[in-house]
$ cat upload_26.txt   # compact mmCIF, C-alpha atoms
# COMPACT_ATOMS: atom_id res chain seq x y z
CA MET A 1 79.86 181.65 107.89
CA GLN A 2 83.60 182.02 108.36
CA ALA A 3 83.86 178.72 110.24
CA ALA A 4 82.15 176.91 107.39
CA GLN A 5 84.57 178.42 104.90
CA SER A 6 87.67 177.50 106.94
CA CYS A 7 86.62 173.87 107.40
CA SER A 8 86.65 173.26 103.61
CA CYS A 9 84.46 170.21 104.11
CA GLY A 10 82.05 170.53 101.18
CA ILE A 11 81.70 168.16 98.23
CA ASP A 12 80.33 169.76 95.07
CA VAL A 13 78.55 167.17 92.91
CA HIS A 14 77.59 169.55 90.08
CA ALA A 15 80.56 171.14 88.31
CA HIS A 16 81.49 171.09 84.66
CA VAL A 17 84.49 170.65 82.40
CA ILE A 18 85.20 171.94 78.91
CA PRO A 19 88.59 171.06 77.39
CA GLY A 20 90.89 173.89 76.35
CA GLU A 21 90.94 172.47 72.83
CA PHE A 22 88.86 169.89 70.99
CA PRO A 23 90.35 167.22 68.73
CA LYS A 24 90.04 167.34 64.99
CA TYR A 25 87.41 164.98 63.64
CA LEU A 26 89.02 161.73 62.51
CA GLY A 27 86.64 161.06 59.63
CA HIS A 28 86.24 162.72 56.23
CA VAL A 29 83.33 165.12 56.79
CA VAL A 30 83.07 166.99 60.09
CA PRO A 31 79.63 166.22 61.55
CA SER A 32 77.17 168.90 62.54
CA GLY A 33 77.66 169.89 66.15
CA TRP A 34 81.36 169.03 66.37
CA PRO A 35 82.77 171.64 68.81
CA SER A 36 85.91 173.76 68.56
CA MET A 37 87.48 176.57 70.58
CA ALA A 38 88.24 180.13 69.50
CA PRO A 39 90.21 182.81 71.38
CA ALA A 40 88.29 185.31 73.48
CA HIS A 41 89.37 187.94 76.01
CA GLU A 42 92.00 187.39 78.70
CA CYS A 43 91.71 183.82 80.09
CA HIS A 44 88.54 183.00 78.16
CA ARG A 45 87.66 181.10 75.00
CA HIS A 46 84.55 180.74 72.87
CA VAL A 47 82.99 177.29 72.52
CA MET A 48 82.11 177.23 68.82
CA ILE A 49 79.41 174.88 67.51
CA ASP A 50 78.40 174.99 63.86
CA GLY A 51 80.18 178.29 63.43
CA LYS A 52 78.38 180.02 66.30
CA ASN A 53 79.54 180.97 69.78
CA TYR A 54 77.66 178.57 72.05
CA ARG A 55 79.22 179.91 75.25
CA THR A 56 82.23 181.96 76.35
CA VAL A 57 84.06 180.25 79.20
CA SER A 58 87.11 180.80 81.39
CA ASP A 59 90.21 178.65 81.78
CA LYS A 60 88.75 177.34 85.04
CA CYS A 61 86.89 174.90 82.79
CA TRP A 62 90.10 173.10 81.79
CA THR A 63 92.92 174.26 84.11
CA THR A 64 92.95 172.11 87.22
CA SER A 65 95.05 174.46 89.33
CA ARG A 66 92.74 177.41 88.63
CA ARG A 67 89.76 175.32 89.69
CA LEU A 68 91.37 174.11 92.90
CA ALA A 69 92.36 177.67 93.83
CA ASP A 70 88.65 178.49 94.33
CA PHE A 71 88.04 175.63 96.77
CA PRO A 72 88.91 177.51 100.01
CA ASP A 73 86.52 180.41 99.33
CA MET A 74 83.75 177.99 98.37
CA GLY A 75 84.35 175.74 101.38
CA LEU A 76 85.13 172.67 99.25
CA SER A 77 87.24 169.59 99.86
CA LEU A 78 86.14 167.66 96.76
CA GLN A 79 84.40 168.38 93.48
CA ALA A 80 82.79 165.96 91.04
CA ILE A 81 83.41 167.14 87.48
CA SER A 82 81.37 166.26 84.42
CA PRO A 83 81.17 167.55 80.83
CA MET A 84 79.21 170.63 79.89
CA PRO A 85 75.90 168.96 78.97
CA GLU A 86 75.84 170.18 75.37
CA LEU A 87 78.98 168.10 74.79
CA LEU A 88 77.06 164.85 75.42
CA SER A 89 76.26 165.09 71.70
CA TYR A 90 73.44 162.55 71.47
CA TRP A 91 72.40 164.07 68.12
CA MET A 92 75.59 162.95 66.39
CA GLN A 93 75.95 159.63 64.65
CA PRO A 94 76.88 157.04 67.31
CA ALA A 95 80.46 156.55 66.11
CA ASP A 96 81.06 160.30 66.02
CA GLY A 97 79.55 160.80 69.47
CA ALA A 98 81.64 157.95 70.82
CA GLN A 99 84.81 159.57 69.47
CA LEU A 100 84.02 162.89 71.13
CA VAL A 101 83.03 161.54 74.55
CA ARG A 102 86.11 159.30 74.64
CA PHE A 103 88.22 162.44 74.33
CA LEU A 104 86.18 164.18 77.04
CA ASN A 105 86.49 161.23 79.41
CA GLU A 106 90.23 161.07 79.00
CA GLN A 107 90.48 164.82 79.64
CA ILE A 108 88.44 164.41 82.84
CA ALA A 109 90.65 161.54 83.96
CA THR A 110 93.72 163.72 83.41
CA MET A 111 92.24 166.50 85.55
CA VAL A 112 91.37 164.02 88.30
CA HIS A 113 94.97 162.78 88.28
CA GLU A 114 96.32 166.35 88.38
CA SER A 115 94.10 167.23 91.35
CA GLY A 116 95.82 164.97 93.85
CA GLY A 117 92.54 163.52 95.08
CA GLN A 118 90.48 166.72 95.10
CA LEU A 119 88.44 165.90 91.98
CA VAL A 120 86.09 163.00 91.25
CA GLY A 121 85.39 162.23 87.60
CA MET A 122 82.00 161.63 85.97
CA GLY A 123 82.25 160.81 82.31
CA ALA A 124 79.91 160.76 79.32
CA VAL A 125 78.60 157.98 77.10
CA PRO A 126 77.07 157.95 73.58
CA LEU A 127 73.61 157.02 74.83
CA GLN A 128 72.13 157.36 71.33
CA ASP A 129 73.52 153.82 70.94
CA VAL A 130 73.01 151.81 74.12
CA ALA A 131 75.59 149.15 73.24
CA LEU A 132 78.28 151.76 72.59
CA ALA A 133 77.28 153.55 75.79
CA ILE A 134 77.82 150.36 77.80
CA ASP A 135 81.21 149.84 76.15
CA GLU A 136 82.27 153.38 77.11
CA LEU A 137 80.96 152.88 80.64
CA HIS A 138 83.26 149.88 81.05
CA TYR A 139 86.21 151.88 79.66
CA MET A 140 85.49 154.79 82.01
CA LYS A 141 85.45 152.49 85.00
CA SER A 142 88.27 150.07 84.23
CA ALA A 143 90.75 152.10 82.19
CA LEU A 144 90.16 155.65 83.46
CA GLY A 145 89.00 155.07 87.02
CA LEU A 146 86.07 157.49 86.75
CA GLN A 147 83.51 157.17 89.53
CA GLY A 148 80.25 158.13 87.88
CA VAL A 149 78.50 159.01 84.64
CA GLU A 150 76.56 162.07 83.53
CA ILE A 151 73.55 161.67 81.24
CA GLY A 152 71.05 164.10 79.78
CA SER A 153 67.47 164.51 80.95
CA ASN A 154 66.39 163.27 77.53
CA ILE A 155 68.14 161.45 74.74
CA ASN A 156 67.09 163.05 71.46
CA GLY A 157 63.64 163.64 72.91
CA VAL A 158 63.26 160.19 74.48
CA VAL A 159 62.84 160.44 78.22
CA MET A 160 65.42 158.60 80.32
CA GLY A 161 62.81 156.38 82.01
CA ASP A 162 62.03 154.65 78.70
CA PRO A 163 62.72 150.88 78.99
CA LYS A 164 64.95 151.04 75.91
CA PHE A 165 67.70 152.33 78.23
CA ASP A 166 67.36 149.49 80.73
CA PRO A 167 70.49 147.64 79.56
CA PHE A 168 72.53 150.77 80.23
CA PHE A 169 71.15 151.19 83.74
CA GLU A 170 71.67 147.50 84.38
CA ALA A 171 75.34 148.02 83.47
CA CYS A 172 75.54 151.01 85.82
CA VAL A 173 74.33 148.80 88.66
CA ALA A 174 76.72 145.99 87.75
CA LEU A 175 79.69 148.40 87.63
CA ASP A 176 78.56 150.35 90.72
CA MET A 177 78.52 153.59 88.71
CA PRO A 178 76.19 156.32 90.02
CA VAL A 179 74.36 158.45 87.46
CA PHE A 180 74.07 162.24 87.48
CA VAL A 181 71.21 163.59 85.35
CA HIS A 182 71.53 167.08 83.87
CA ALA A 183 69.07 169.04 81.74
CA LEU A 184 69.82 168.94 78.03
CA ARG A 185 68.06 170.59 75.07
CA PRO A 186 64.89 170.94 77.11
CA THR A 187 61.32 170.79 75.98
CA GLY A 188 59.12 173.88 76.07
CA MET A 189 61.55 176.33 74.52
CA ASP A 190 58.75 177.63 72.28
CA ARG A 191 56.84 178.73 75.40
CA LEU A 192 59.58 181.01 76.74
CA LEU A 193 59.40 184.76 76.20
CA GLY A 194 62.71 186.52 76.57
CA PRO A 195 66.44 186.15 75.86
CA ALA A 196 68.35 182.91 75.32
CA PRO A 197 69.57 182.44 78.93
CA LEU A 198 66.00 181.58 79.92
CA GLN A 199 66.77 178.10 78.61
CA GLN A 200 69.07 177.59 81.61
CA VAL A 201 66.93 179.57 84.03
CA LEU A 202 63.46 178.16 83.34
CA ALA A 203 63.52 175.31 80.82
CA TYR A 204 66.29 173.28 82.46
CA PRO A 205 64.39 172.68 85.73
CA THR A 206 61.26 171.75 83.78
CA ASP A 207 63.07 169.08 81.77
CA VAL A 208 64.83 167.70 84.85
CA GLY A 209 61.51 167.40 86.66
CA LEU A 210 59.95 165.48 83.77
CA ALA A 211 63.00 163.22 83.58
CA ALA A 212 62.76 162.39 87.27
CA ALA A 213 59.01 161.82 86.94
CA SER A 214 59.66 159.34 84.13
CA VAL A 215 61.82 157.30 86.51
CA LEU A 216 58.87 157.11 88.91
CA THR A 217 56.13 156.39 86.37
CA GLY A 218 58.38 154.04 84.39
CA ASN A 219 59.21 151.93 87.47
CA LEU A 220 62.94 152.13 86.83
CA LEU A 221 63.80 151.72 90.51
CA THR A 222 61.54 148.69 90.75
CA ARG A 223 63.67 146.99 88.11
CA TYR A 224 66.99 148.27 89.49
CA PRO A 225 66.51 149.05 93.20
CA THR A 226 70.22 149.66 93.86
CA LEU A 227 70.66 152.15 91.00
CA ARG A 228 71.93 155.49 92.32
CA LEU A 229 70.41 158.41 90.38
CA ALA A 230 70.96 162.10 91.13
CA PHE A 231 69.12 165.00 89.50
CA SER A 232 70.52 168.48 88.96
CA HIS A 233 68.85 171.77 89.96
CA GLY A 234 67.12 170.27 92.98
CA GLY A 235 65.22 167.81 90.81
CA GLY A 236 63.71 170.72 88.91
CA THR A 237 59.92 170.77 89.07
CA LEU A 238 59.59 167.29 90.61
CA ALA A 239 58.91 168.49 94.16
CA MET A 240 55.89 170.46 92.92
CA LEU A 241 54.69 167.67 90.61
CA LEU A 242 54.98 164.94 93.22
CA PRO A 243 51.82 165.69 95.26
CA ARG A 244 49.73 165.76 92.08
CA LEU A 245 51.22 162.48 90.93
CA GLN A 246 50.61 160.85 94.29
CA GLN A 247 47.00 162.09 94.47
CA ALA A 248 46.36 160.90 90.92
CA MET A 249 47.19 157.35 91.96
CA SER A 250 43.86 157.22 93.82
CA VAL A 251 41.90 158.88 91.01
CA PHE A 252 43.01 157.27 87.76
CA PRO A 253 42.89 153.43 87.69
CA ALA A 254 45.25 153.25 84.72
CA LEU A 255 47.89 155.15 86.64
CA LYS A 256 47.44 153.04 89.75
CA ASP A 257 47.85 149.90 87.65
CA SER A 258 50.95 151.10 85.80
CA VAL A 259 52.95 152.70 88.64
CA LEU A 260 54.01 149.84 90.87
CA ARG A 261 55.15 151.81 93.93
CA PRO A 262 53.96 155.08 95.48
CA PRO A 263 55.70 158.00 93.73
CA THR A 264 56.49 159.74 97.03
CA GLU A 265 58.23 156.60 98.27
CA GLN A 266 60.27 156.25 95.09
CA ALA A 267 61.22 159.94 95.07
CA ARG A 268 62.87 159.55 98.48
CA GLU A 269 65.26 156.98 96.99
CA LEU A 270 66.62 159.38 94.36
CA TYR A 271 69.29 162.01 94.98
CA TYR A 272 69.13 165.72 94.15
CA ASP A 273 71.56 168.60 94.23
CA THR A 274 70.94 171.73 96.33
CA LEU A 275 71.26 174.22 93.46
CA VAL A 276 68.03 176.19 93.93
CA PHE A 277 69.36 179.59 95.16
CA ASP A 278 66.68 179.89 97.85
CA ALA A 279 66.55 178.80 101.50
CA PRO A 280 62.77 178.13 101.71
CA THR A 281 62.95 176.03 98.54
CA LEU A 282 65.90 174.08 99.91
CA ARG A 283 64.03 173.42 103.15
CA HIS A 284 61.04 172.23 101.13
CA LEU A 285 63.26 169.80 99.20
CA VAL A 286 64.64 168.37 102.44
CA GLN A 287 61.10 167.97 103.78
CA THR A 288 59.89 166.35 100.54
CA PHE A 289 62.80 164.09 99.66
CA GLY A 290 64.58 163.65 102.99
CA ALA A 291 67.82 165.08 104.35
CA SER A 292 69.62 161.91 103.26
CA GLN A 293 68.97 162.62 99.55
CA LEU A 294 70.29 166.16 99.00
CA MET A 295 73.87 166.85 97.91
CA MET A 296 75.60 170.16 97.41
CA GLY A 297 75.84 171.39 93.82
CA THR A 298 77.11 174.64 92.31
CA ASP A 299 77.23 174.55 88.46
CA TYR A 300 80.84 175.76 88.74
CA PRO A 301 82.60 177.41 86.89
CA PHE A 302 79.87 178.99 84.77
CA ASN A 303 78.61 182.50 85.54
CA PHE A 304 75.28 181.18 86.84
CA HIS A 305 76.75 179.20 89.72
CA ASP A 306 76.54 179.23 93.51
CA HIS A 307 79.68 180.97 94.79
CA GLN A 308 79.07 180.20 98.49
CA PRO A 309 77.39 176.78 98.61
CA VAL A 310 78.39 175.75 102.15
CA ALA A 311 77.35 179.08 103.62
CA ARG A 312 74.04 178.92 101.74
CA ILE A 313 73.21 175.54 103.29
CA GLN A 314 74.23 176.71 106.76
CA ASP A 315 72.14 179.85 106.43
CA ALA A 316 69.02 177.80 105.59
CA GLY A 317 68.57 177.02 109.29
CA PHE A 318 69.27 173.28 109.38
CA ASP A 319 70.80 171.66 112.43
CA ALA A 320 74.43 170.56 112.33
CA ALA A 321 73.63 166.94 111.43
CA VAL A 322 71.61 167.96 108.36
CA VAL A 323 74.28 170.45 107.31
CA ASP A 324 76.83 167.64 107.41
CA GLN A 325 74.56 165.44 105.30
CA LEU A 326 73.95 168.06 102.65
CA THR A 327 77.48 169.44 102.44
CA HIS A 328 79.41 166.17 102.23
CA ALA A 329 78.06 162.97 103.85
CA ASN A 330 75.37 162.22 101.25
CA ALA A 331 77.79 162.81 98.39
CA ARG A 332 80.26 160.37 99.92
CA ARG A 333 77.52 157.74 100.04
CA PHE A 334 76.43 158.50 96.46
CA PHE A 335 79.96 158.08 95.09
CA GLY A 336 80.98 155.32 97.48
CA LEU A 337 83.76 157.42 99.00
CA ALA A 338 85.31 156.71 102.38
CA ALA A 339 84.26 159.01 105.23

$ encode --input "upload_26.txt" --output "structure tokens"
Amino acid sequence: MQAAQSCSCGIDVHAHVIPGEFPKYLGHVVPSGWPSMAPAHECHRHVMIDGKNYRTVSDKCWTTSRRLADFPDMGLSLQAISPMPELLSYWMQPADGAQLVRFLNEQIATMVHESGGQLVGMGAVPLQDVALAIDELHYMKSALGLQGVEIGSNINGVVMGDPKFDPFFEACVALDMPVFVHALRPTGMDRLLGPAPLQQVLAYPTDVGLAAASVLTGNLLTRYPTLRLAFSHGGGTLAMLLPRLQQAMSVFPALKDSVLRPPTEQARELYYDTLVFDAPTLRHLVQTFGASQLMMGTDYPFNFHDHQPVARIQDAGFDAAVVDQLTHANARRFFGLAA
């Protein structure tokens, strides 16, 4: 374990940013959901949304030096940063959402610049309006130099595999911008029994799995075979759904006619992070999706994150070549980074 820590070779593809302050709304009436920050204890602040504390977070969310200070203990060389998913703000009016994500993207670009090459930026787009989302994608790439984009697992309840989003994914291919998919306002919340954190614990993986399944059943990769898509939380429930989906292809004629390529084949062309907190599950993901498709993810700097990601992968019993793939090589290919 100590050797893995000292090499600092890992690339974390799943880490979030929240700015220390949010801008004032530029219009006349502040829209519902517009975030603000309030003081908390020590180096923490409350993320306030509609007058309620959405989450209490530390200054590691916005202070680049504090973030980089944790790299040695985590075994990291690089980290891809993206907005806290709730800030994607698809439920706002398009112009309002565009204003907020522009601020977020510029904050991310600033942190990337401050990092001296240790951070990679993934921005956000107002995907509630596809044309505006494409405009912001161009700005992120050309003006800010960001290297990827984060989207939610659903856009106001519409699954990401819906053809209405095809122009956006076509633009991602044209601009060579990989896409990281994170759970957002998941379905099934009415079926959970227990406290609010169960949304992150149980509902997030469910929504991610359904989002990934929509890519397979919606033939998105058939239309855009070079699109690079990565799914958070190990692809959620997809690995368990996949055998059922594949078997159903030989049972239901309508499904066989509508899904143009075998789901298991398509699933091995997607990327997934390793954030599953369990060695047998991680080994199952490698067996199901292939060692070439898993990338290290932590959910840093939130409380529910993997503090020792490199060591966790090493302890899963993979050989050295697979460890290299999962800890850094696959992420370099996903982002188009030099070895």

$ closest_atom_pairs --input "upload_26.txt" --of "stretch 3-59 of chain A" --to "stretch 329-338 of chain A" --cutoff "10 Å" --atoms "all atoms listed in the file" --output "JSON lines"
{"residue": "A:Cys9", "atom": "CA", "partner": "A:Ala329", "partner_atom": "CA", "distance": 9.7}
{"residue": "A:Gly10", "atom": "CA", "partner": "A:Ala329", "partner_atom": "CA", "distance": 9.0}
{"residue": "A:Ile11", "atom": "CA", "partner": "A:Ala331", "partner_atom": "CA", "distance": 6.6}
{"residue": "A:Asp12", "atom": "CA", "partner": "A:Ala331", "partner_atom": "CA", "distance": 8.1}
{"residue": "A:Val13", "atom": "CA", "partner": "A:Ala331", "partner_atom": "CA", "distance": 7.0}

$ closest_residue --input "upload_26.txt" --among "A:Gly33, A:His138, A:Ile49, A:Gln118" --to "A:Gly97" --atoms "all atoms listed in the file"
A:Gly33

$ closest_atom_pairs --input "upload_26.txt" --of "stretch 185-252 of chain A" --to "stretch 284-298 of chain A" --cutoff "9 Å" --atoms "all atoms listed in the file" --output "JSON lines"
{"residue": "A:Ala230", "atom": "CA", "partner": "A:Gln293", "partner_atom": "CA", "distance": 8.7}
{"residue": "A:Ser232", "atom": "CA", "partner": "A:Gly297", "partner_atom": "CA", "distance": 7.8}
{"residue": "A:His233", "atom": "CA", "partner": "A:Gly297", "partner_atom": "CA", "distance": 8.0}
{"residue": "A:Gly234", "atom": "CA", "partner": "A:Leu285", "partner_atom": "CA", "distance": 7.3}
{"residue": "A:Gly235", "atom": "CA", "partner": "A:Leu285", "partner_atom": "CA", "distance": 8.8}
{"residue": "A:Ala239", "atom": "CA", "partner": "A:Leu285", "partner_atom": "CA", "distance": 6.8}
{"residue": "A:Leu242", "atom": "CA", "partner": "A:Thr288", "partner_atom": "CA", "distance": 8.9}

$ residues_around --input "upload_26.txt" --residues "A:Leu26" --least-positions-apart "4" --cutoff "12 Å" --atoms "only C-alpha atoms" --output "PyMOL selection string"
chain A and resi 22+30-31+34+95-100+103

$ closest_residue --input "upload_26.txt" --among "A:Gly145, A:Ala213, A:His46, A:Asn219" --to "A:Leu260" --atoms "only C-alpha atoms"
A:Asn219

$ atom_distance --input "upload_26.txt" --atom1 "atom CA of A:Glu42" --atom2 "atom CA of A:Met84"
21.1 Å

$ atom_distance --input "upload_26.txt" --atom1 "atom CA of A:Ala133" --atom2 "atom CA of A:Met177"
13.0 Å

$ residues_around --input "upload_26.txt" --residues "A:Phe231" --least-positions-apart "4" --cutoff "7 Å" --atoms "all atoms listed in the file" --output "PyMOL selection string"
chain A and resi 180-182+208+235+271-273

$ write_last_selection --input "upload_26.txt" --atoms "C-alpha atoms" --output "compact mmCIF listing (two decimals), in the coordinates of the input"
# COMPACT_ATOMS: atom_id res chain seq x y z
CA PHE A 180 74.07 162.24 87.48
CA VAL A 181 71.21 163.59 85.35
CA HIS A 182 71.53 167.08 83.87
CA VAL A 208 64.83 167.70 84.85
CA GLY A 235 65.22 167.81 90.81
CA TYR A 271 69.29 162.01 94.98
CA TYR A 272 69.13 165.72 94.15
CA ASP A 273 71.56 168.60 94.23

$ closest_residue --input "upload_26.txt" --among "A:Val29, A:Val47, A:Val310, A:Ala80" --to "A:His16" --atoms "all atoms listed in the file"
A:Ala80

$ closest_residue --input "upload_26.txt" --among "A:Ser32, A:Ser214, A:Gln79, A:Thr63" --to "A:Met48" --atoms "all atoms listed in the file"
A:Ser32

$ build_atoms --input "upload_26.txt" --residues "stretch 116-126 of chain A" --atoms "all heavy atoms" --output "mmCIF file, in the frame of the given file"
data_model
loop_
_atom_site.group_PDB
_atom_site.id
_atom_site.type_symbol
_atom_site.label_atom_id
_atom_site.label_comp_id
_atom_site.auth_asym_id
_atom_site.auth_seq_id
_atom_site.Cartn_x
_atom_site.Cartn_y
_atom_site.Cartn_z
ATOM 1 N N GLY A 116 95.306 165.560 92.619
ATOM 2 C CA GLY A 116 95.820 164.970 93.850
ATOM 3 C C GLY A 116 94.721 164.520 94.796
ATOM 4 O O GLY A 116 94.864 164.628 96.019
ATOM 5 N N GLY A 117 93.626 164.040 94.253
ATOM 6 C CA GLY A 117 92.540 163.520 95.080
ATOM 7 C C GLY A 117 91.448 164.514 95.393
ATOM 8 O O GLY A 117 90.515 164.197 96.140
ATOM 9 N N GLN A 118 91.496 165.712 94.822
ATOM 10 C CA GLN A 118 90.480 166.720 95.100
ATOM 11 C C GLN A 118 89.354 166.760 94.065
ATOM 12 O O GLN A 118 88.382 167.492 94.239
ATOM 13 C CB GLN A 118 91.119 168.108 95.218
ATOM 14 C CG GLN A 118 92.001 168.261 96.444
ATOM 15 C CD GLN A 118 92.526 169.671 96.600
ATOM 16 O OE1 GLN A 118 93.563 170.030 96.058
ATOM 17 N NE2 GLN A 118 91.805 170.482 97.345
ATOM 18 N N LEU A 119 89.490 165.990 93.002
ATOM 19 C CA LEU A 119 88.440 165.900 91.980
ATOM 20 C C LEU A 119 87.993 164.461 91.821
ATOM 21 O O LEU A 119 88.794 163.531 91.922
ATOM 22 C CB LEU A 119 88.928 166.437 90.631
ATOM 23 C CG LEU A 119 89.311 167.911 90.559
ATOM 24 C CD1 LEU A 119 89.807 168.257 89.154
ATOM 25 C CD2 LEU A 119 88.139 168.819 90.955
ATOM 26 N N VAL A 120 86.707 164.291 91.572
ATOM 27 C CA VAL A 120 86.090 163.000 91.250
ATOM 28 C C VAL A 120 85.540 163.125 89.836
ATOM 29 O O VAL A 120 84.894 164.128 89.505
ATOM 30 C CB VAL A 120 84.968 162.663 92.247
ATOM 31 C CG1 VAL A 120 84.207 161.420 91.813
ATOM 32 C CG2 VAL A 120 85.532 162.484 93.642
ATOM 33 N N GLY A 121 85.778 162.132 88.996
ATOM 34 C CA GLY A 121 85.390 162.230 87.600
ATOM 35 C C GLY A 121 84.089 161.527 87.275
ATOM 36 O O GLY A 121 83.888 160.370 87.642
ATOM 37 N N MET A 122 83.203 162.230 86.563
ATOM 38 C CA MET A 122 82.000 161.630 85.970
ATOM 39 C C MET A 122 82.083 161.835 84.466
ATOM 40 O O MET A 122 82.141 162.970 83.979
ATOM 41 C CB MET A 122 80.727 162.273 86.523
ATOM 42 C CG MET A 122 80.460 161.969 87.983
ATOM 43 S SD MET A 122 78.780 162.440 88.494
ATOM 44 C CE MET A 122 78.896 164.235 88.450
ATOM 45 N N GLY A 123 82.080 160.737 83.736
ATOM 46 C CA GLY A 123 82.250 160.810 82.310
ATOM 47 C C GLY A 123 80.939 160.834 81.549
ATOM 48 O O GLY A 123 79.855 160.948 82.118
ATOM 49 N N ALA A 124 81.051 160.741 80.228
ATOM 50 C CA ALA A 124 79.910 160.760 79.320
ATOM 51 C C ALA A 124 79.903 159.503 78.472
ATOM 52 O O ALA A 124 80.948 158.863 78.276
ATOM 53 C CB ALA A 124 79.957 162.001 78.431
ATOM 54 N N VAL A 125 78.735 159.149 77.964
ATOM 55 C CA VAL A 125 78.600 157.980 77.100
ATOM 56 C C VAL A 125 77.712 158.346 75.901
ATOM 57 O O VAL A 125 76.850 159.215 76.008
ATOM 58 C CB VAL A 125 77.975 156.784 77.846
ATOM 59 C CG1 VAL A 125 78.897 156.289 78.955
ATOM 60 C CG2 VAL A 125 76.604 157.135 78.404
ATOM 61 N N PRO A 126 77.911 157.684 74.752
ATOM 62 C CA PRO A 126 77.070 157.950 73.580
ATOM 63 C C PRO A 126 75.736 157.195 73.708
ATOM 64 O O PRO A 126 75.528 156.159 73.071
ATOM 65 C CB PRO A 126 77.920 157.425 72.425
ATOM 66 C CG PRO A 126 78.713 156.313 73.018
ATOM 67 C CD PRO A 126 78.999 156.727 74.442
#
